[in-house]
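A short worksheet on the structure shown next.
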Amino acid sequence: MAKAKIARKSTAIDMTAMCDVAFLLLTFFILTTKFRPQELAQINIPASTAQIPIPDANILLIQVSDKGKVYVGVDDQNTRGLWLDKIVERYQLPKPTAAQVANFKLMDAFGVPAERIPELIGAKADQLAKIEQPGILMDSLNNQLGDLVRMARIVNNDLRIAIKCDGATDYDKVDKVIQTLQDQKVNKFNLITSARTSGEAKE
Amino acid sequence: MAEMTTPESGAKKKGHKKVRSKKMSTRVDLTAMVDLGFLLITFFMLATTFNKPKAMEVNKPAKDDEIDQKDLPEIKQSKTYTVLIAANDKAYCYTASDDDSGNVSVDSTDFSRTGFRERLRERQKAVATQWGSQDELFVLIKPLPQSDYRNLVNVLDEMAINGVKKYAIIDEFNGPDSLIVKQVGQSFEPAAASN
């Protein structure tokens with residue numbers, strides 16, 4: 001009996017189309033990726049079923065780490081510049097150079113007492129990460145968080161205030177931030193949470 | 001004159017053939033390029049944060065100095081439900097009685113689905129039968145200083161899930177609260193500072 005012969009086919013496949021697709025997708029992802037900014041502290045936000053997206057602009061973000069350290073920042077670079085002017089005036093800091101102002105404008109958030117801001121904005125980019133940021137002062141006599149929030153609201157009236165707080169933070173530390181905000185007549189603010197579908201079980 | 005032998009003349013001698021370069025295939029093996037492409041795609045896909053965090057809106061009443069205490073409406077105790085958020089993911093819920101006897105039965109629960117949510121739903125039903133609508137329920141949320149922020153978010157979330165219209169975060173504790181806190185070994189003091 002004659003064996004049935006299978007026609008031998010070449011194993012080489014034309015990869016051109018696949019290559020095209022791969023690079024098209026690659027281009028898409030490169031263009032849409034926004035890298036996460038360097039965070040001052042690792043903050044694990046709690047999940048909730050809230051569906052309101054965070055507005056894209058005019059945000060004053062107060063970050064609270066699990067140890068209760070507080071960092072603040074505004075999202076808009078122009079606001080940052082005007083804000084720095086106010087801070088310098090309020091705390092009688094030495095007038096920053098143009099390079100220092102530019103440096104401050106690039107900071108998403110900071111967490112040093114106001115007196116140390118010149119040191120922070122004077123640092124070069126590679127040294128910035130090495131500066132230890134102990135958090136904004138919130139003493140009852142010298143509540144710099146309140147001052148910073150007030151000044152930011154003066155320079156940008158449309159600012160909304162968002163609190164991004166670690167789930168494991170003790171409530172008294174969050175409460176201190178909220179009380180500070182309320183002292184500045186901010187009674188409406190957003191708590192940032194990650195999305196969870198309503199059916200999902202809680203850990 | 002001596003004849004010079006050039007390759008050209010040699011070619012001529014062999015007949016009028018054109019010089020042809022060797023035919024090479026134009027096909028390039030693209031496999032490696034595709035591999036690289038997909039590797040980069042994977043990287044960018046993973047680096048992209050698709051689910052943007054969401055915001056939960058909180059409205060606090062203005063501080064006392066702006067409000068005349070007389071203007072505040074009085075809420076019947078039997079319409080309220082108090083939840084004390086305590087450390088170690090514990091919750092203590094109770095309904096205060098209308099008379100000032102201070103007798104309350106406290107439910108100790110947690111923030112799982114079968115915990116606080118069920119208690120809240122029972123309470124909603126009870127309020128609905130007593131007052132006609134479950135919207136009459138007023139939940140008082142009292143987080144203790146040592147409680148985790150995560151649990152406050154959990155409770156606020158339950159308010160949204162169960163459609164509780166009226167609730168408030170309250171920082172003042174009354175008699176029953178201090179009794180409960182004492183009984184279960186919690187504290188009103190913030191945790192000792194540790195760095």
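Within each chain, counting starts at residue 1; across the structure tokens, chains are named A, B, ... in the order shown, with ligands numbered 1 upward in that order.
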May I have the residues within 10 Å of Val184 (chain B) as an mmCIF file with N, CA, C and O atoms, in the first residue's frame, using only C-alpha atoms and disregarding those fewer than 6 positions away in the same chain?
```cif
data_model
loop_
_atom_site.group_PDB
_atom_site.id
_atom_site.type_symbol
_atom_site.label_atom_id
_atom_site.label_comp_id
_atom_site.auth_asym_id
_atom_site.auth_seq_id
_atom_site.Cartn_x
_atom_site.Cartn_y
_atom_site.Cartn_z
ATOM 1 N N ALA B 86 -14.200 51.216 66.098
ATOM 2 C CA ALA B 86 -13.127 51.049 67.068
ATOM 3 C C ALA B 86 -11.906 50.417 66.410
ATOM 4 O O ALA B 86 -11.941 50.048 65.242
ATOM 5 N N TYR B 92 -19.211 48.854 67.087
ATOM 6 C CA TYR B 92 -20.219 48.672 68.123
ATOM 7 C C TYR B 92 -21.408 49.547 67.764
ATOM 8 O O TYR B 92 -21.262 50.761 67.627
ATOM 9 N N SER B 108 -21.936 44.025 68.916
ATOM 10 C CA SER B 108 -20.528 44.068 68.523
ATOM 11 C C SER B 108 -20.405 43.362 67.176
ATOM 12 O O SER B 108 -20.839 42.231 67.024
#
```
* Using DSSP on the backbone coordinates, identify all residues within region 10-116 of chain A classified as alpha helix (DSSP H); present the result as an NGL selection string. => :A and (16-32 or 77-91 or 98-105)
Which residues of chain B have any atom within 7 Å of an atom in chain A when counting only C-alpha atoms, and what is the closest pair of atoms for each, with the distance in Å to one decimal? Order the rows by chain and rising number and write it as a Markdown table.
```
| residue | atom | partner | partner_atom | distance |
| --- | --- | --- | --- | --- |
| B:Leu30 | CA | A:Met15 | CA | 5.5 |
| B:Thr31 | CA | A:Met15 | CA | 6.4 |
| B:Met33 | CA | A:Cys19 | CA | 6.9 |
| B:Val34 | CA | A:Cys19 | CA | 5.0 |
| B:Gly37 | CA | A:Ala22 | CA | 5.4 |
| B:Phe38 | CA | A:Ala22 | CA | 5.9 |
| B:Leu40 | CA | A:Leu26 | CA | 6.6 |
| B:Ile41 | CA | A:Leu26 | CA | 4.9 |
| B:Phe44 | CA | A:Phe29 | CA | 5.7 |
| B:Met45 | CA | A:Phe29 | CA | 6.5 |
| B:Thr48 | CA | A:Thr33 | CA | 5.3 |
| B:Pro53 | CA | A:Ser194 | CA | 4.5 |
| B:Lys54 | CA | A:Pro53 | CA | 4.8 |
| B:Ala55 | CA | A:Ile192 | CA | 4.5 |
| B:Met56 | CA | A:Leu191 | CA | 4.9 |
| B:Glu57 | CA | A:Asn190 | CA | 4.5 |
| B:Val58 | CA | A:Phe189 | CA | 5.5 |
| B:Asn59 | CA | A:Lys188 | CA | 4.5 |
| B:Lys60 | CA | A:Asn187 | CA | 5.0 |
| B:Pro61 | CA | A:Asn187 | CA | 6.4 |
| B:Ala62 | CA | A:Asn187 | CA | 6.1 |
| B:Lys63 | CA | A:Gln182 | CA | 6.8 |
| B:Ser112 | CA | A:Lys202 | CA | 5.9 |
| B:Arg113 | CA | A:Ala201 | CA | 6.8 |
| B:Pro143 | CA | A:Tyr171 | CA | 6.8 |
| B:Leu144 | CA | A:Tyr171 | CA | 6.8 |
| B:Pro145 | CA | A:Asp172 | CA | 4.3 |
| B:Gln146 | CA | A:Asp170 | CA | 5.1 |
| B:Ser147 | CA | A:Asp170 | CA | 5.4 |
| B:Asp148 | CA | A:Asp170 | CA | 4.7 |
| B:Tyr149 | CA | A:Tyr171 | CA | 5.2 |
| B:Arg150 | CA | A:Gly167 | CA | 4.1 |
| B:Val153 | CA | A:Ser48 | CA | 7.0 |
| B:Asn154 | CA | A:Ser48 | CA | 6.8 |
| B:Asp157 | CA | A:Ser48 | CA | 5.9 |
| B:Pro190 | CA | A:Asp172 | CA | 6.3 |
```
Quick one: pick out all strand (DSSP E) residues within region 19-117 of chain B from a backbone DSSP run and write them as a PDB file with all heavy atoms, in the first residue's frame.
```
ATOM      1  N   LYS B  54     -11.221  56.740  42.546  1.00  0.00           N
ATOM      2  CA  LYS B  54     -12.479  57.473  42.592  1.00  0.00           C
ATOM      3  C   LYS B  54     -12.513  58.344  43.845  1.00  0.00           C
ATOM      4  O   LYS B  54     -11.742  58.144  44.771  1.00  0.00           O
ATOM      5  CB  LYS B  54     -13.648  56.487  42.642  1.00  0.00           C
ATOM      6  CG  LYS B  54     -13.659  55.522  41.490  1.00  0.00           C
ATOM      7  CD  LYS B  54     -14.151  56.184  40.241  1.00  0.00           C
ATOM      8  CE  LYS B  54     -14.196  55.179  39.110  1.00  0.00           C
ATOM      9  NZ  LYS B  54     -14.264  55.771  37.811  1.00  0.00           N
ATOM     10  N   ALA B  55     -13.413  59.271  43.830  1.00  0.00           N
ATOM     11  CA  ALA B  55     -13.519  60.167  44.973  1.00  0.00           C
ATOM     12  C   ALA B  55     -14.847  59.968  45.681  1.00  0.00           C
ATOM     13  O   ALA B  55     -15.850  59.647  45.066  1.00  0.00           O
ATOM     14  CB  ALA B  55     -13.381  61.611  44.524  1.00  0.00           C
ATOM     15  N   MET B  56     -14.802  60.121  46.965  1.00  0.00           N
ATOM     16  CA  MET B  56     -15.994  60.012  47.780  1.00  0.00           C
ATOM     17  C   MET B  56     -16.214  61.383  48.401  1.00  0.00           C
ATOM     18  O   MET B  56     -15.300  61.939  48.999  1.00  0.00           O
ATOM     19  CB  MET B  56     -15.688  58.980  48.867  1.00  0.00           C
ATOM     20  CG  MET B  56     -16.830  58.565  49.699  1.00  0.00           C
ATOM     21  SD  MET B  56     -16.217  57.443  50.936  1.00  0.00           S
ATOM     22  CE  MET B  56     -16.912  55.933  50.380  1.00  0.00           C
ATOM     23  N   GLU B  57     -17.383  61.924  48.200  1.00  0.00           N
ATOM     24  CA  GLU B  57     -17.560  63.289  48.679  1.00  0.00           C
ATOM     25  C   GLU B  57     -18.042  63.313  50.129  1.00  0.00           C
ATOM     26  O   GLU B  57     -18.903  62.526  50.504  1.00  0.00           O
ATOM     27  CB  GLU B  57     -18.543  64.035  47.793  1.00  0.00           C
ATOM     28  CG  GLU B  57     -18.308  65.518  47.865  1.00  0.00           C
ATOM     29  CD  GLU B  57     -18.792  66.216  46.614  1.00  0.00           C
ATOM     30  OE1 GLU B  57     -18.077  66.161  45.614  1.00  0.00           O
ATOM     31  OE2 GLU B  57     -19.884  66.791  46.665  1.00  0.00           O
ATOM     32  N   VAL B  58     -17.456  64.180  50.901  1.00  0.00           N
ATOM     33  CA  VAL B  58     -17.845  64.313  52.302  1.00  0.00           C
ATOM     34  C   VAL B  58     -18.212  65.761  52.561  1.00  0.00           C
ATOM     35  O   VAL B  58     -17.479  66.671  52.203  1.00  0.00           O
ATOM     36  CB  VAL B  58     -16.676  63.912  53.235  1.00  0.00           C
ATOM     37  CG1 VAL B  58     -17.053  64.162  54.673  1.00  0.00           C
ATOM     38  CG2 VAL B  58     -16.316  62.461  53.035  1.00  0.00           C
ATOM     39  N   ASN B  59     -19.375  65.954  53.137  1.00  0.00           N
ATOM     40  CA  ASN B  59     -19.772  67.291  53.552  1.00  0.00           C
ATOM     41  C   ASN B  59     -19.869  67.300  55.059  1.00  0.00           C
ATOM     42  O   ASN B  59     -20.586  66.503  55.637  1.00  0.00           O
ATOM     43  CB  ASN B  59     -21.137  67.659  52.958  1.00  0.00           C
ATOM     44  CG  ASN B  59     -21.044  67.856  51.475  1.00  0.00           C
ATOM     45  OD1 ASN B  59     -20.274  68.677  50.999  1.00  0.00           O
ATOM     46  ND2 ASN B  59     -21.807  67.077  50.724  1.00  0.00           N
ATOM     47  N   THR B  80     -32.424  57.212  65.546  1.00  0.00           N
ATOM     48  CA  THR B  80     -30.986  57.196  65.282  1.00  0.00           C
ATOM     49  C   THR B  80     -30.422  55.783  65.367  1.00  0.00           C
ATOM     50  O   THR B  80     -31.055  54.861  65.867  1.00  0.00           O
ATOM     51  CB  THR B  80     -30.223  58.054  66.313  1.00  0.00           C
ATOM     52  OG1 THR B  80     -30.388  57.463  67.599  1.00  0.00           O
ATOM     53  CG2 THR B  80     -30.711  59.468  66.318  1.00  0.00           C
ATOM     54  N   TYR B  81     -29.248  55.670  64.865  1.00  0.00           N
ATOM     55  CA  TYR B  81     -28.482  54.441  65.000  1.00  0.00           C
ATOM     56  C   TYR B  81     -27.039  54.882  65.135  1.00  0.00           C
ATOM     57  O   TYR B  81     -26.536  55.634  64.299  1.00  0.00           O
ATOM     58  CB  TYR B  81     -28.674  53.574  63.754  1.00  0.00           C
ATOM     59  CG  TYR B  81     -28.163  52.160  63.904  1.00  0.00           C
ATOM     60  CD1 TYR B  81     -28.467  51.424  65.039  1.00  0.00           C
ATOM     61  CD2 TYR B  81     -27.421  51.566  62.903  1.00  0.00           C
ATOM     62  CE1 TYR B  81     -28.020  50.127  65.173  1.00  0.00           C
ATOM     63  CE2 TYR B  81     -26.972  50.262  63.027  1.00  0.00           C
ATOM     64  CZ  TYR B  81     -27.275  49.544  64.175  1.00  0.00           C
ATOM     65  OH  TYR B  81     -26.840  48.260  64.301  1.00  0.00           O
ATOM     66  N   THR B  82     -26.403  54.482  66.198  1.00  0.00           N
ATOM     67  CA  THR B  82     -25.038  54.936  66.422  1.00  0.00           C
ATOM     68  C   THR B  82     -24.081  53.798  66.118  1.00  0.00           C
ATOM     69  O   THR B  82     -24.326  52.666  66.528  1.00  0.00           O
ATOM     70  CB  THR B  82     -24.848  55.380  67.881  1.00  0.00           C
ATOM     71  OG1 THR B  82     -25.872  56.312  68.190  1.00  0.00           O
ATOM     72  CG2 THR B  82     -23.498  56.024  68.075  1.00  0.00           C
ATOM     73  N   VAL B  83     -23.033  54.112  65.383  1.00  0.00           N
ATOM     74  CA  VAL B  83     -21.995  53.109  65.172  1.00  0.00           C
ATOM     75  C   VAL B  83     -20.663  53.687  65.649  1.00  0.00           C
ATOM     76  O   VAL B  83     -20.243  54.759  65.228  1.00  0.00           O
ATOM     77  CB  VAL B  83     -21.930  52.619  63.699  1.00  0.00           C
ATOM     78  CG1 VAL B  83     -21.918  53.773  62.726  1.00  0.00           C
ATOM     79  CG2 VAL B  83     -20.733  51.725  63.480  1.00  0.00           C
ATOM     80  N   LEU B  84     -20.081  52.971  66.585  1.00  0.00           N
ATOM     81  CA  LEU B  84     -18.756  53.356  67.077  1.00  0.00           C
ATOM     82  C   LEU B  84     -17.746  52.538  66.295  1.00  0.00           C
ATOM     83  O   LEU B  84     -17.779  51.308  66.312  1.00  0.00           O
ATOM     84  CB  LEU B  84     -18.626  52.997  68.550  1.00  0.00           C
ATOM     85  CG  LEU B  84     -19.220  53.925  69.604  1.00  0.00           C
ATOM     86  CD1 LEU B  84     -19.152  53.250  70.947  1.00  0.00           C
ATOM     87  CD2 LEU B  84     -18.463  55.230  69.633  1.00  0.00           C
ATOM     88  N   ILE B  85     -16.863  53.221  65.593  1.00  0.00           N
ATOM     89  CA  ILE B  85     -15.818  52.510  64.854  1.00  0.00           C
ATOM     90  C   ILE B  85     -14.612  52.424  65.778  1.00  0.00           C
ATOM     91  O   ILE B  85     -14.086  53.457  66.208  1.00  0.00           O
ATOM     92  CB  ILE B  85     -15.447  53.249  63.564  1.00  0.00           C
ATOM     93  CG1 ILE B  85     -16.702  53.523  62.732  1.00  0.00           C
ATOM     94  CG2 ILE B  85     -14.446  52.441  62.759  1.00  0.00           C
ATOM     95  CD1 ILE B  85     -16.446  54.370  61.527  1.00  0.00           C
ATOM     96  N   ALA B  86     -14.200  51.216  66.098  1.00  0.00           N
ATOM     97  CA  ALA B  86     -13.127  51.049  67.068  1.00  0.00           C
ATOM     98  C   ALA B  86     -11.906  50.417  66.410  1.00  0.00           C
ATOM     99  O   ALA B  86     -11.941  50.048  65.242  1.00  0.00           O
ATOM    100  CB  ALA B  86     -13.610  50.188  68.221  1.00  0.00           C
ATOM    101  N   LYS B  90     -13.237  46.658  64.683  1.00  0.00           N
ATOM    102  CA  LYS B  90     -14.452  46.342  65.432  1.00  0.00           C
ATOM    103  C   LYS B  90     -15.456  47.488  65.304  1.00  0.00           C
ATOM    104  O   LYS B  90     -15.069  48.645  65.182  1.00  0.00           O
ATOM    105  CB  LYS B  90     -14.108  46.167  66.916  1.00  0.00           C
ATOM    106  CG  LYS B  90     -13.324  44.913  67.206  1.00  0.00           C
ATOM    107  CD  LYS B  90     -14.293  43.790  67.529  1.00  0.00           C
ATOM    108  CE  LYS B  90     -13.605  42.609  68.177  1.00  0.00           C
ATOM    109  NZ  LYS B  90     -12.443  42.107  67.435  1.00  0.00           N
ATOM    110  N   ALA B  91     -16.710  47.122  65.313  1.00  0.00           N
ATOM    111  CA  ALA B  91     -17.756  48.140  65.303  1.00  0.00           C
ATOM    112  C   ALA B  91     -18.739  47.825  66.416  1.00  0.00           C
ATOM    113  O   ALA B  91     -19.035  46.657  66.671  1.00  0.00           O
ATOM    114  CB  ALA B  91     -18.465  48.144  63.963  1.00  0.00           C
ATOM    115  N   TYR B  92     -19.211  48.854  67.087  1.00  0.00           N
ATOM    116  CA  TYR B  92     -20.219  48.672  68.123  1.00  0.00           C
ATOM    117  C   TYR B  92     -21.408  49.547  67.764  1.00  0.00           C
ATOM    118  O   TYR B  92     -21.262  50.761  67.627  1.00  0.00           O
ATOM    119  CB  TYR B  92     -19.649  49.040  69.494  1.00  0.00           C
ATOM    120  CG  TYR B  92     -18.436  48.212  69.834  1.00  0.00           C
ATOM    121  CD1 TYR B  92     -17.152  48.703  69.618  1.00  0.00           C
ATOM    122  CD2 TYR B  92     -18.589  46.919  70.311  1.00  0.00           C
ATOM    123  CE1 TYR B  92     -16.045  47.922  69.884  1.00  0.00           C
ATOM    124  CE2 TYR B  92     -17.482  46.132  70.580  1.00  0.00           C
ATOM    125  CZ  TYR B  92     -16.217  46.635  70.365  1.00  0.00           C
ATOM    126  OH  TYR B  92     -15.129  45.852  70.607  1.00  0.00           O
ATOM    127  N   CYS B  93     -22.547  48.910  67.551  1.00  0.00           N
ATOM    128  CA  CYS B  93     -23.714  49.670  67.137  1.00  0.00           C
ATOM    129  C   CYS B  93     -24.788  49.592  68.203  1.00  0.00           C
ATOM    130  O   CYS B  93     -24.940  48.558  68.858  1.00  0.00           O
ATOM    131  CB  CYS B  93     -24.306  49.115  65.849  1.00  0.00           C
ATOM    132  SG  CYS B  93     -23.114  48.428  64.734  1.00  0.00           S
ATOM    133  N   TYR B  94     -25.511  50.658  68.366  1.00  0.00           N
ATOM    134  CA  TYR B  94     -26.631  50.627  69.295  1.00  0.00           C
ATOM    135  C   TYR B  94     -27.660  51.663  68.904  1.00  0.00           C
ATOM    136  O   TYR B  94     -27.377  52.614  68.168  1.00  0.00           O
ATOM    137  CB  TYR B  94     -26.160  50.847  70.735  1.00  0.00           C
ATOM    138  CG  TYR B  94     -25.611  52.225  71.021  1.00  0.00           C
ATOM    139  CD1 TYR B  94     -26.469  53.257  71.423  1.00  0.00           C
ATOM    140  CD2 TYR B  94     -24.259  52.501  70.876  1.00  0.00           C
ATOM    141  CE1 TYR B  94     -25.967  54.527  71.683  1.00  0.00           C
ATOM    142  CE2 TYR B  94     -23.756  53.754  71.125  1.00  0.00           C
ATOM    143  CZ  TYR B  94     -24.615  54.767  71.541  1.00  0.00           C
ATOM    144  OH  TYR B  94     -24.116  56.010  71.768  1.00  0.00           O
ATOM    145  N   ASP B 107     -24.532  45.990  69.876  1.00  0.00           N
ATOM    146  CA  ASP B 107     -24.150  44.918  68.966  1.00  0.00           C
ATOM    147  C   ASP B 107     -22.677  45.061  68.656  1.00  0.00           C
ATOM    148  O   ASP B 107     -22.241  46.101  68.170  1.00  0.00           O
ATOM    149  CB  ASP B 107     -24.927  45.075  67.655  1.00  0.00           C
ATOM    150  CG  ASP B 107     -26.014  44.050  67.545  1.00  0.00           C
ATOM    151  OD1 ASP B 107     -25.910  43.028  68.231  1.00  0.00           O
ATOM    152  OD2 ASP B 107     -26.958  44.294  66.779  1.00  0.00           O
ATOM    153  N   SER B 108     -21.936  44.025  68.916  1.00  0.00           N
ATOM    154  CA  SER B 108     -20.528  44.068  68.523  1.00  0.00           C
ATOM    155  C   SER B 108     -20.405  43.362  67.176  1.00  0.00           C
ATOM    156  O   SER B 108     -20.839  42.231  67.024  1.00  0.00           O
ATOM    157  CB  SER B 108     -19.695  43.345  69.581  1.00  0.00           C
ATOM    158  OG  SER B 108     -18.427  43.054  69.056  1.00  0.00           O
ATOM    159  N   THR B 109     -19.839  44.042  66.225  1.00  0.00           N
ATOM    160  CA  THR B 109     -19.792  43.460  64.887  1.00  0.00           C
ATOM    161  C   THR B 109     -18.524  43.910  64.164  1.00  0.00           C
ATOM    162  O   THR B 109     -17.652  44.553  64.745  1.00  0.00           O
ATOM    163  CB  THR B 109     -21.070  43.834  64.100  1.00  0.00           C
ATOM    164  OG1 THR B 109     -21.014  43.235  62.826  1.00  0.00           O
ATOM    165  CG2 THR B 109     -21.194  45.333  63.933  1.00  0.00           C
TER     166      THR B 109
END
```
Env of region 93-97 of chain A: 8 Å cut, atoms = only C-alpha atoms, seq-sep filter 4 positions within chain, self excluded. Answer as a tab-separated table (two decimals) with N, CA and C atoms, in the first residue's frame.
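Final output, result-v9.tsv:
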```tsv
chain	number	residue	atom	x	y	z
A	87	ILE	N	3.81	81.71	50.00
A	87	ILE	CA	4.49	81.02	51.10
A	87	ILE	C	5.73	81.81	51.53
A	88	VAL	N	6.48	82.28	50.51
A	88	VAL	CA	7.70	83.03	50.79
A	88	VAL	C	7.36	84.30	51.57
A	89	GLU	N	6.28	84.94	51.15
A	89	GLU	CA	5.87	86.18	51.81
A	89	GLU	C	5.42	85.91	53.25
A	101	VAL	N	12.21	78.47	41.69
A	101	VAL	CA	10.77	78.50	41.43
A	101	VAL	C	10.42	77.38	40.45
A	115	GLU	N	9.84	76.40	56.96
A	115	GLU	CA	11.19	76.96	57.11
A	115	GLU	C	12.20	76.19	56.28
A	118	PRO	N	13.21	76.47	51.43
A	118	PRO	CA	14.37	76.88	50.61
A	118	PRO	C	15.36	75.74	50.40
```
* Structure fact -> re CA of Pro113 (chain A) and CA of Thr79 (chain A): distance 19.6 Å
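Between CA of Thr180 (chain A) and CA of Glu119 (chain A) there is a distance of 25.8 Å.
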* Within 9 Å of region 159-167 of chain B, counting only C-alpha atoms, which residues show up once you throw out same-chain ones fewer than 2 positions away? Write them as a ChimeraX atom specification, please. => /A:49-50,198 /B:117,120-121,124,134-141,154-157,169
* To do: Identify which of the residues A:Phe104, A:Tyr91, A:Trp83, A:Phe110 lies closest to Val155 (chain A), counting only C-alpha atoms when measuring atom-to-atom distances.
  => A:Trp83
